[in-house]
file structure22.txt (compact mmCIF, C-alpha atoms)
# COMPACT_ATOMS: atom_id res chain seq x y z
CA MET A 1 -27.77 -34.92 -14.68
CA VAL A 2 -24.74 -34.01 -12.54
CA HIS A 3 -21.49 -34.33 -14.43
CA TYR A 4 -18.93 -36.82 -13.07
CA ARG A 5 -16.38 -33.99 -13.03
CA TYR A 6 -18.28 -32.41 -10.11
CA PHE A 7 -17.74 -35.51 -7.95
CA LEU A 8 -14.07 -35.66 -8.94
CA ILE A 9 -13.54 -32.05 -7.83
CA LEU A 10 -15.28 -32.73 -4.50
CA PHE A 11 -13.19 -35.86 -3.94
CA LEU A 12 -9.90 -34.16 -4.72
CA SER A 13 -10.81 -31.07 -2.69
CA TYR A 14 -11.66 -33.20 0.34
CA ASN A 15 -8.33 -34.99 0.12
CA ILE A 16 -6.19 -31.85 0.01
CA LEU A 17 -8.27 -30.28 2.80
CA ILE A 18 -7.05 -33.01 5.15
CA GLY A 19 -3.58 -31.43 5.16
CA GLN A 20 -4.80 -27.91 5.90
CA GLN A 21 -4.29 -26.19 9.25
CA TYR A 22 -6.43 -23.35 10.61
CA PHE A 23 -4.87 -20.52 12.64
CA THR A 24 -5.76 -17.13 14.07
CA LEU A 25 -3.56 -14.10 14.62
CA ASN A 26 -4.32 -10.99 16.64
CA HIS A 27 -3.22 -7.91 14.75
CA GLY A 28 -4.14 -4.41 15.87
CA GLY A 29 -6.68 -5.80 18.32
CA VAL A 30 -8.47 -7.73 15.55
CA THR A 31 -8.50 -11.52 15.30
CA ARG A 32 -7.41 -12.53 11.82
CA GLU A 33 -7.86 -16.00 10.30
CA TYR A 34 -5.72 -17.97 7.89
CA TYR A 35 -5.16 -21.51 6.61
CA VAL A 36 -1.74 -23.03 6.01
CA SER A 37 -0.99 -25.90 3.62
CA TYR A 38 2.47 -27.25 4.38
CA PRO A 39 4.32 -30.03 2.51
CA GLU A 40 4.23 -33.32 4.37
CA ALA A 41 7.49 -34.60 5.82
CA ASN A 42 9.31 -31.42 4.80
CA THR A 43 12.57 -31.09 6.77
CA GLU A 44 14.10 -27.88 5.46
CA PRO A 45 12.98 -24.27 4.96
CA CYS A 46 10.62 -24.07 2.01
CA PRO A 47 9.12 -21.23 -0.07
CA LEU A 48 5.84 -19.67 1.03
CA ILE A 49 3.11 -18.33 -1.27
CA ILE A 50 0.46 -15.97 0.14
CA ASN A 51 -2.73 -16.57 -1.88
CA MET A 52 -5.45 -13.94 -1.32
CA HIS A 53 -9.15 -14.22 -2.15
CA GLY A 54 -11.31 -11.79 -4.10
CA PHE A 55 -13.96 -9.33 -2.90
CA GLY A 56 -16.86 -11.14 -1.23
CA GLY A 57 -14.81 -14.32 -0.97
CA ASP A 58 -12.93 -15.92 1.88
CA ALA A 59 -9.79 -17.89 2.56
CA ILE A 60 -11.26 -21.37 2.25
CA GLY A 61 -13.10 -20.35 -0.90
CA GLN A 62 -9.84 -19.23 -2.49
CA TYR A 63 -8.26 -22.49 -1.39
CA TYR A 64 -10.93 -24.50 -3.21
CA TYR A 65 -11.24 -22.22 -6.22
CA SER A 66 -7.56 -21.72 -7.02
CA GLN A 67 -6.54 -25.34 -6.32
CA MET A 68 -2.98 -24.08 -5.85
CA ASP A 69 -2.07 -26.84 -3.38
CA TYR A 70 -2.00 -29.41 -6.20
CA TYR A 71 0.83 -27.50 -7.86
CA ALA A 72 2.65 -26.15 -4.80
CA LEU A 73 2.82 -28.99 -2.28
CA PRO A 74 4.51 -31.55 -4.60
CA LEU A 75 7.24 -28.93 -5.17
CA ASN A 76 7.72 -28.49 -1.39
CA ILE A 77 6.10 -25.05 -1.42
CA ALA A 78 3.86 -23.96 1.46
CA VAL A 79 0.74 -21.92 0.77
CA VAL A 80 -1.14 -19.66 3.18
CA TYR A 81 -4.70 -18.50 2.49
CA PRO A 82 -5.38 -15.43 4.68
CA GLU A 83 -8.86 -13.98 5.21
CA GLY A 84 -9.71 -10.33 4.72
CA ILE A 85 -12.03 -8.43 7.07
CA ASN A 86 -15.57 -8.10 5.68
CA ASN A 87 -14.51 -10.55 2.96
CA SER A 88 -12.26 -7.96 1.37
CA TRP A 89 -8.80 -6.37 1.37
CA ASN A 90 -8.11 -2.72 2.11
CA VAL A 91 -6.68 -1.43 -1.16
CA GLY A 92 -7.89 2.15 -0.95
CA THR A 93 -10.93 1.86 -3.21
CA PHE A 94 -14.46 3.13 -2.63
CA TRP A 95 -15.81 -0.42 -2.76
CA ASP A 96 -13.53 -2.54 -0.55
CA ASN A 97 -15.50 -1.90 2.69
CA ASN A 98 -12.31 -2.25 4.73
CA THR A 99 -10.19 0.18 6.74
CA ASN A 100 -7.97 -2.38 8.46
CA ASP A 101 -4.17 -2.44 8.35
CA ASP A 102 -3.88 -5.31 5.91
CA ILE A 103 -0.26 -4.47 5.03
CA GLY A 104 0.69 -4.80 8.69
CA PHE A 105 -1.37 -7.98 8.99
CA ILE A 106 0.43 -9.66 6.08
CA SER A 107 3.79 -8.59 7.51
CA SER A 108 2.89 -10.10 10.90
CA LEU A 109 1.50 -13.17 9.13
CA ILE A 110 4.85 -13.84 7.47
CA ASP A 111 6.68 -13.55 10.81
CA THR A 112 4.18 -15.80 12.58
CA ILE A 113 4.24 -18.54 9.96
CA ALA A 114 8.04 -18.44 9.89
CA SER A 115 8.06 -19.02 13.65
CA ASP A 116 5.65 -21.97 13.39
CA PHE A 117 7.01 -23.64 10.25
CA GLU A 118 10.29 -24.05 8.42
CA ILE A 119 10.03 -21.19 5.90
CA ASP A 120 12.71 -19.80 3.61
CA LEU A 121 12.32 -16.04 4.11
CA GLU A 122 14.33 -15.46 0.93
CA ARG A 123 11.43 -16.98 -1.01
CA VAL A 124 8.14 -15.50 0.19
CA TYR A 125 5.70 -14.58 -2.59
CA ALA A 126 2.26 -12.97 -2.78
CA CYS A 127 -0.59 -13.36 -5.26
CA GLY A 128 -4.33 -12.99 -5.36
CA MET A 129 -7.52 -13.03 -7.36
CA SER A 130 -9.41 -9.81 -8.18
CA ASN A 131 -9.44 -7.79 -4.91
CA GLY A 132 -6.63 -10.14 -3.80
CA GLY A 133 -4.75 -9.19 -6.95
CA TYR A 134 -5.18 -5.53 -6.03
CA MET A 135 -3.75 -6.46 -2.62
CA ALA A 136 -0.73 -8.14 -4.22
CA TYR A 137 0.06 -4.81 -5.90
CA GLU A 138 -0.36 -3.01 -2.55
CA LEU A 139 2.21 -5.36 -1.06
CA ALA A 140 4.57 -4.77 -3.99
CA CYS A 141 4.40 -1.07 -3.22
CA GLU A 142 4.73 -1.31 0.56
CA LEU A 143 6.22 -4.67 1.59
CA SER A 144 8.84 -5.51 -1.03
CA ASP A 145 11.46 -5.70 1.74
CA LYS A 146 9.85 -8.96 2.95
CA ILE A 147 8.14 -10.37 -0.14
CA THR A 148 10.23 -11.34 -3.16
CA ALA A 149 7.80 -11.37 -6.10
CA PHE A 150 4.15 -10.64 -6.74
CA GLY A 151 1.32 -11.95 -8.90
CA SER A 152 -2.08 -10.52 -9.78
CA VAL A 153 -4.84 -12.57 -11.40
CA THR A 154 -7.54 -10.19 -12.72
CA GLY A 155 -6.68 -7.49 -10.18
CA ASN A 156 -5.54 -3.95 -10.99
CA PHE A 157 -3.23 -1.61 -9.05
CA MET A 158 -4.93 1.05 -6.93
CA LEU A 159 -2.14 3.59 -6.62
CA ASN A 160 -3.71 5.97 -4.10
CA THR A 161 -2.76 9.56 -4.87
CA GLU A 162 -2.78 12.58 -2.57
CA GLN A 163 -5.83 13.88 -4.43
CA PHE A 164 -7.99 10.96 -3.23
CA ASN A 165 -6.30 9.84 -0.01
CA PRO A 166 -4.46 12.00 2.58
CA GLU A 167 -2.43 8.90 3.50
CA TYR A 168 -1.42 8.40 -0.09
CA GLN A 169 1.11 5.85 -1.26
CA VAL A 170 4.69 6.52 -2.16
CA CYS A 171 6.41 3.37 -3.39
CA GLU A 172 9.84 3.98 -1.90
CA ILE A 173 11.62 0.96 -3.32
CA SER A 174 15.37 0.38 -3.56
CA TYR A 175 15.44 -3.10 -5.09
CA GLU A 176 13.81 -4.70 -8.10
CA VAL A 177 10.19 -5.83 -7.86
CA PRO A 178 9.32 -8.83 -10.08
CA ILE A 179 5.62 -8.90 -11.03
CA ILE A 180 3.41 -11.20 -13.09
CA HIS A 181 -0.13 -10.18 -14.06
CA LEU A 182 -2.69 -12.45 -15.74
CA HIS A 183 -5.85 -10.81 -17.08
CA GLY A 184 -8.60 -11.65 -19.54
CA ASN A 185 -9.22 -9.04 -22.21
CA LEU A 186 -13.00 -9.54 -21.80
CA ASP A 187 -13.05 -9.25 -18.02
CA PRO A 188 -16.50 -7.82 -17.21
CA ILE A 189 -15.70 -6.86 -13.61
CA VAL A 190 -12.16 -5.46 -13.42
CA ASN A 191 -11.47 -3.47 -16.55
CA TYR A 192 -8.68 -4.67 -18.81
CA TYR A 193 -8.62 -1.48 -20.87
CA PRO A 194 -8.57 2.08 -19.52
CA PRO A 195 -10.34 3.77 -17.93
CA SER A 196 -10.95 1.64 -14.86
CA PHE A 197 -14.25 1.92 -12.99
CA ASP A 198 -12.55 2.83 -9.70
CA GLY A 199 -9.55 4.92 -10.65
CA ALA A 200 -7.11 2.01 -10.41
CA LEU A 201 -4.29 1.62 -12.89
CA THR A 202 -5.33 -0.90 -15.53
CA ILE A 203 -2.80 -3.39 -16.85
CA SER A 204 -1.22 -1.13 -19.48
CA GLU A 205 -0.94 1.68 -16.94
CA SER A 206 0.53 -0.68 -14.33
CA ILE A 207 3.08 -1.87 -16.86
CA ASP A 208 4.12 1.73 -17.50
CA TYR A 209 4.38 2.42 -13.76
CA TRP A 210 6.36 -0.67 -12.77
CA THR A 211 8.62 -0.83 -15.81
CA ASP A 212 9.60 2.76 -15.01
CA ILE A 213 10.35 1.84 -11.36
CA ASN A 214 12.35 -1.22 -12.37
CA GLY A 215 14.07 0.49 -15.29
CA LEU A 216 12.82 -2.13 -17.74
CA ASN A 217 13.51 -0.89 -21.24
CA GLU A 218 13.01 -3.94 -23.45
CA VAL A 219 9.91 -5.97 -24.31
CA SER A 220 9.28 -9.23 -26.13
CA SER A 221 6.03 -10.99 -26.88
CA ALA A 222 4.82 -14.40 -28.00
CA MET A 223 1.50 -16.13 -28.61
CA VAL A 224 0.46 -19.13 -26.54
CA GLN A 225 -1.85 -21.30 -28.61
CA GLY A 226 -4.59 -23.49 -27.19
CA SER A 227 -8.00 -24.88 -28.01
CA GLY A 228 -11.54 -24.33 -26.83
CA TYR A 229 -13.17 -21.07 -25.83
CA GLN A 230 -9.95 -19.36 -24.83
CA LEU A 231 -8.00 -20.13 -27.97
CA SER A 232 -4.84 -18.28 -27.10
CA ALA A 233 -2.99 -15.87 -24.87
CA GLU A 234 -0.36 -13.28 -25.59
CA LYS A 235 2.66 -13.20 -23.31
CA PHE A 236 4.54 -9.92 -22.83
CA VAL A 237 7.91 -9.91 -21.07
CA TYR A 238 9.39 -6.58 -19.93
CA HIS A 239 13.07 -6.75 -19.01
CA ARG A 240 16.48 -5.12 -19.31
CA GLU A 241 20.07 -6.23 -19.59
CA ASN A 242 22.05 -7.45 -16.57
CA THR A 243 19.02 -8.42 -14.48
CA ASN A 244 16.61 -11.32 -14.19
CA ALA A 245 13.82 -9.17 -12.75
CA LYS A 246 10.84 -8.93 -15.11
CA PHE A 247 7.29 -7.78 -15.44
CA ILE A 248 5.37 -10.54 -17.22
CA HIS A 249 1.85 -10.06 -18.50
CA TYR A 250 -0.47 -12.71 -19.94
CA ARG A 251 -3.39 -11.29 -21.89
CA ILE A 252 -5.85 -14.16 -22.15
CA ILE A 253 -7.87 -13.80 -25.32
CA ASN A 254 -11.61 -14.12 -24.57
CA GLY A 255 -10.70 -14.48 -20.89
CA GLY A 256 -13.09 -13.24 -18.25
CA HIS A 257 -12.90 -12.71 -14.49
CA GLU A 258 -11.50 -16.01 -13.29
CA TRP A 259 -8.56 -17.95 -11.87
CA PHE A 260 -7.29 -19.29 -15.18
CA GLY A 261 -6.93 -23.06 -15.27
CA SER A 262 -9.14 -23.70 -12.25
CA PRO A 263 -11.60 -26.59 -12.71
CA TYR A 264 -14.27 -24.10 -11.61
CA ALA A 265 -13.43 -21.68 -14.44
CA TYR A 266 -13.74 -21.81 -18.21
CA PRO A 267 -11.10 -24.02 -19.86
CA SER A 268 -8.01 -21.91 -20.49
CA VAL A 269 -4.77 -22.17 -22.39
CA ILE A 270 -3.06 -20.75 -19.29
CA SER A 271 -2.77 -22.24 -15.80
CA ALA A 272 -2.49 -19.38 -13.32
CA ASN A 273 -0.97 -21.71 -10.72
CA GLN A 274 1.70 -23.01 -13.04
CA GLU A 275 2.65 -19.58 -14.37
CA LEU A 276 2.72 -17.97 -10.92
CA ILE A 277 4.83 -20.71 -9.35
CA ASN A 278 7.27 -20.92 -12.27
CA PHE A 279 7.72 -17.15 -12.13
CA PHE A 280 8.08 -16.98 -8.35
CA LEU A 281 10.73 -19.68 -8.16
CA GLU A 282 13.05 -17.64 -10.36
CA TYR A 283 13.65 -15.16 -7.53
CA GLU A 284 15.21 -14.93 -4.08
CA LEU A 285 15.00 -11.75 -2.03
CA SER A 286 18.75 -11.20 -1.66
CA GLY A 287 19.27 -11.89 -5.36
CA LEU A 288 17.27 -8.87 -6.49
CA GLY A 289 19.36 -6.05 -7.89
CA CYS A 290 19.37 -2.34 -7.30
CA LEU A 291 16.93 -0.08 -9.05
CA PRO A 292 18.34 2.65 -11.25
CA THR A 293 19.29 5.56 -9.00
CA ASN A 294 20.14 9.21 -9.42
CA GLY A 295 22.58 9.06 -6.50
CA ASP A 296 20.43 11.07 -4.08
CA PHE A 297 20.65 8.56 -1.24
CA ASN A 298 19.59 10.89 1.58
CA ASN A 299 16.58 12.19 -0.40
CA ASP A 300 17.43 15.88 -0.08
CA ASP A 301 16.87 16.47 -3.82
CA VAL A 302 20.54 17.06 -4.58
CA VAL A 303 23.49 14.77 -5.30
CA ASP A 304 26.49 16.07 -3.39
CA LEU A 305 29.27 15.26 -0.92
CA LEU A 306 26.77 13.89 1.62
CA ASP A 307 25.73 11.17 -0.81
CA PHE A 308 29.38 10.40 -1.55
CA THR A 309 29.95 10.06 2.20
CA LEU A 310 27.07 7.63 2.56
CA VAL A 311 28.49 5.34 -0.11
CA LEU A 312 31.92 5.53 1.48
CA ALA A 313 30.48 4.73 4.92
CA PHE A 314 28.70 1.69 3.48
CA LEU A 315 31.90 0.40 1.89
CA VAL A 316 33.71 0.74 5.22
CA ASP A 317 30.86 -0.71 7.32
CA PRO A 318 28.03 -2.54 5.45
CA ASP A 319 25.99 -2.61 8.68
CA PHE A 320 25.77 1.14 9.20
CA PRO A 321 22.25 2.72 9.49
CA TYR A 322 21.78 3.16 5.73
CA SER A 323 22.48 -0.51 5.00
CA ASN A 324 19.00 -0.95 3.48
CA VAL A 325 19.85 1.53 0.71
CA CYS A 326 21.05 0.17 -2.60
CA PHE A 327 24.43 1.78 -3.37
CA ASP A 328 25.19 -0.05 -6.61
CA VAL A 329 25.04 3.16 -8.67
CA ASN A 330 26.41 1.68 -11.88
CA GLN A 331 24.29 -1.50 -11.53
CA ASP A 332 27.09 -3.98 -12.01
CA GLY A 333 25.79 -6.24 -9.26
CA HIS A 334 27.75 -4.93 -6.26
CA ALA A 335 28.70 -1.70 -4.52
CA ASP A 336 32.38 -0.80 -4.68
CA ILE A 337 34.77 2.09 -5.20
CA ILE A 338 33.58 2.54 -8.77
CA ASP A 339 30.23 3.62 -7.37
CA LEU A 340 32.00 6.41 -5.46
CA TYR A 341 33.24 7.79 -8.78
CA ALA A 342 29.74 7.34 -10.24
CA VAL A 343 28.29 9.57 -7.50
CA ILE A 344 30.91 12.22 -8.29
CA ASP A 345 29.92 12.10 -11.96
CA LEU A 346 26.24 12.50 -11.03
CA ALA A 347 27.04 15.40 -8.72
CA TYR A 348 29.31 17.32 -11.06
call {"tool": "encode", "arguments": {"input": "structure22.txt", "output": "structure tokens"}}
result
Amino acid sequence: MVHYRYFLILFLSYNILIGQQYFTLNHGGVTREYYVSYPEANTEPCPLIINMHGFGGDAIGQYYYSQMDYYALPLNIAVVYPEGINNSWNVGTFWDNNTNDDIGFISSLIDTIASDFEIDLERVYACGMSNGGYMAYELACELSDKITAFGSVTGNFMLNTEQFNPEYQVCEISYEVPIIHLHGNLDPIVNYYPPSFDGALTISESIDYWTDINGLNEVSSAMVQGSGYQLSAEKFVYHRENTNAKFIHYRIINGGHEWFGSPYAYPSVISANQELINFFLEYELSGLGCLPTNGDFNNDDVVDLLDFTLVLAFLVDPDFPYSNVCFDVNQDGHADIIDLYAVIDLAY
């Protein structure tokens, strides 16, 4: 006997599909596909969430499986579901079967959607499931100048090192990178506990990496109680004073490899859609603060008069060539003459 819930899911899925629009984009000589869900009758720039599928999946499958439109569209949030080449995203693993420039594709995707729709470029966010979650971490490392906050659902961070990849990653980031990661502690596919099967950083290792980058030095935790198979989840919040930027991790007890809260997944105490959206909406790109700095703004491995001069030049002309550098040395929320003295202290 087919359960009535199956028909309800098909009915609801059909109705939200009506509002979807299919597009293609040529990037690097390759035709890329994506689907956009845009709030009806929206008249002002709205946030955009990039929602990426897992390995072996596709854009429309992620659309159906995650059911994010039900949460996003009523809040006037647009969602784009891009498609990876060979049903995967290039995250530098041995298994992704993809050598395409997916970072460049996502960057072009943002520009293209913003030219076709009213999008608030201060509020562009990226998330994904499994391989798509890996990709969200890739974007955090390499595209944080265009994307405000990032979310991974059951995907780890493949930080490619020089040992394994000649074109290895260096996350050269000047501003805070808010991240939320949801993962089941019984995930049978993407390891929750070290070591990972593919050399990726597991959740605890990712926390160490990103809390160090963001200078997060405080942590709090709380239990989220529920009922059913997944009885509870533990929420960890990594933060520091004088900033709203956080790394939030939900460890779903008895959770497997799934988009938590989806009608296609096991019942869960956590809704991935709700947690991702609530987290994302806390942040705007220009509101992110400076990362802790050692004052070496020209990256010559020494803090000296040249660095002092760069700060001074910025104070005189905020549009000079180093305007993308974060000169708030003392992290009080703005760059001013006090930061000149802070550079002197660091130098001498």
call {"tool": "closest_atom_pairs", "arguments": {"input": "structure22.txt", "of": "region 61-137 of chain A", "to": "region 142-162 of chain A", "cutoff": "6 Å", "atoms": "only C-alpha atoms", "output": "tab-separated table"}}
result
residue	atom	partner	partner_atom	distance
A:Val124	CA	A:Ile147	CA	5.1
A:Tyr125	CA	A:Ala149	CA	5.2
A:Ala126	CA	A:Phe150	CA	5.0
A:Cys127	CA	A:Gly151	CA	4.3
A:Gly128	CA	A:Ser152	CA	5.5
A:Met129	CA	A:Val153	CA	4.9
A:Ser130	CA	A:Gly155	CA	4.1
A:Asn131	CA	A:Gly155	CA	6.0
A:Gly133	CA	A:Ser152	CA	4.1
A:Tyr134	CA	A:Gly155	CA	4.8
A:Tyr137	CA	A:Phe157	CA	5.6
call {"tool": "closest_residue", "arguments": {"input": "structure22.txt", "among": "A:Val91, A:Val79, A:Leu73, A:Ala313", "to": "Asp198 (chain A)", "atoms": "only C-alpha atoms"}}
result
A:Val91
call {"tool": "atom_distance", "arguments": {"input": "structure22.txt", "atom1": "CA of Leu186 (chain A)", "atom2": "CA of Ser232 (chain A)"}}
result
13.1 Å
call {"tool": "residues_around", "arguments": {"input": "structure22.txt", "residues": "region 235-243 of chain A", "least_positions_apart": "5", "cutoff": "10 Å", "atoms": "all atoms listed in the file", "output": "JSON, numbers by chain"}}
result
{"A": [176, 178, 179, 180, 181, 182, 207, 210, 211, 214, 215, 216, 217, 218, 219, 220, 221, 222, 223, 224, 248, 249, 250, 251, 252, 287, 288, 289, 290, 331, 332, 333]}
call {"tool": "atom_distance", "arguments": {"input": "structure22.txt", "atom1": "CA of Thr93 (chain A)", "atom2": "CA of Gly199 (chain A)"}}
result
8.2 Å
call {"tool": "atom_distance", "arguments": {"input": "structure22.txt", "atom1": "CA of Tyr63 (chain A)", "atom2": "CA of Ser206 (chain A)"}}
result
26.8 Å
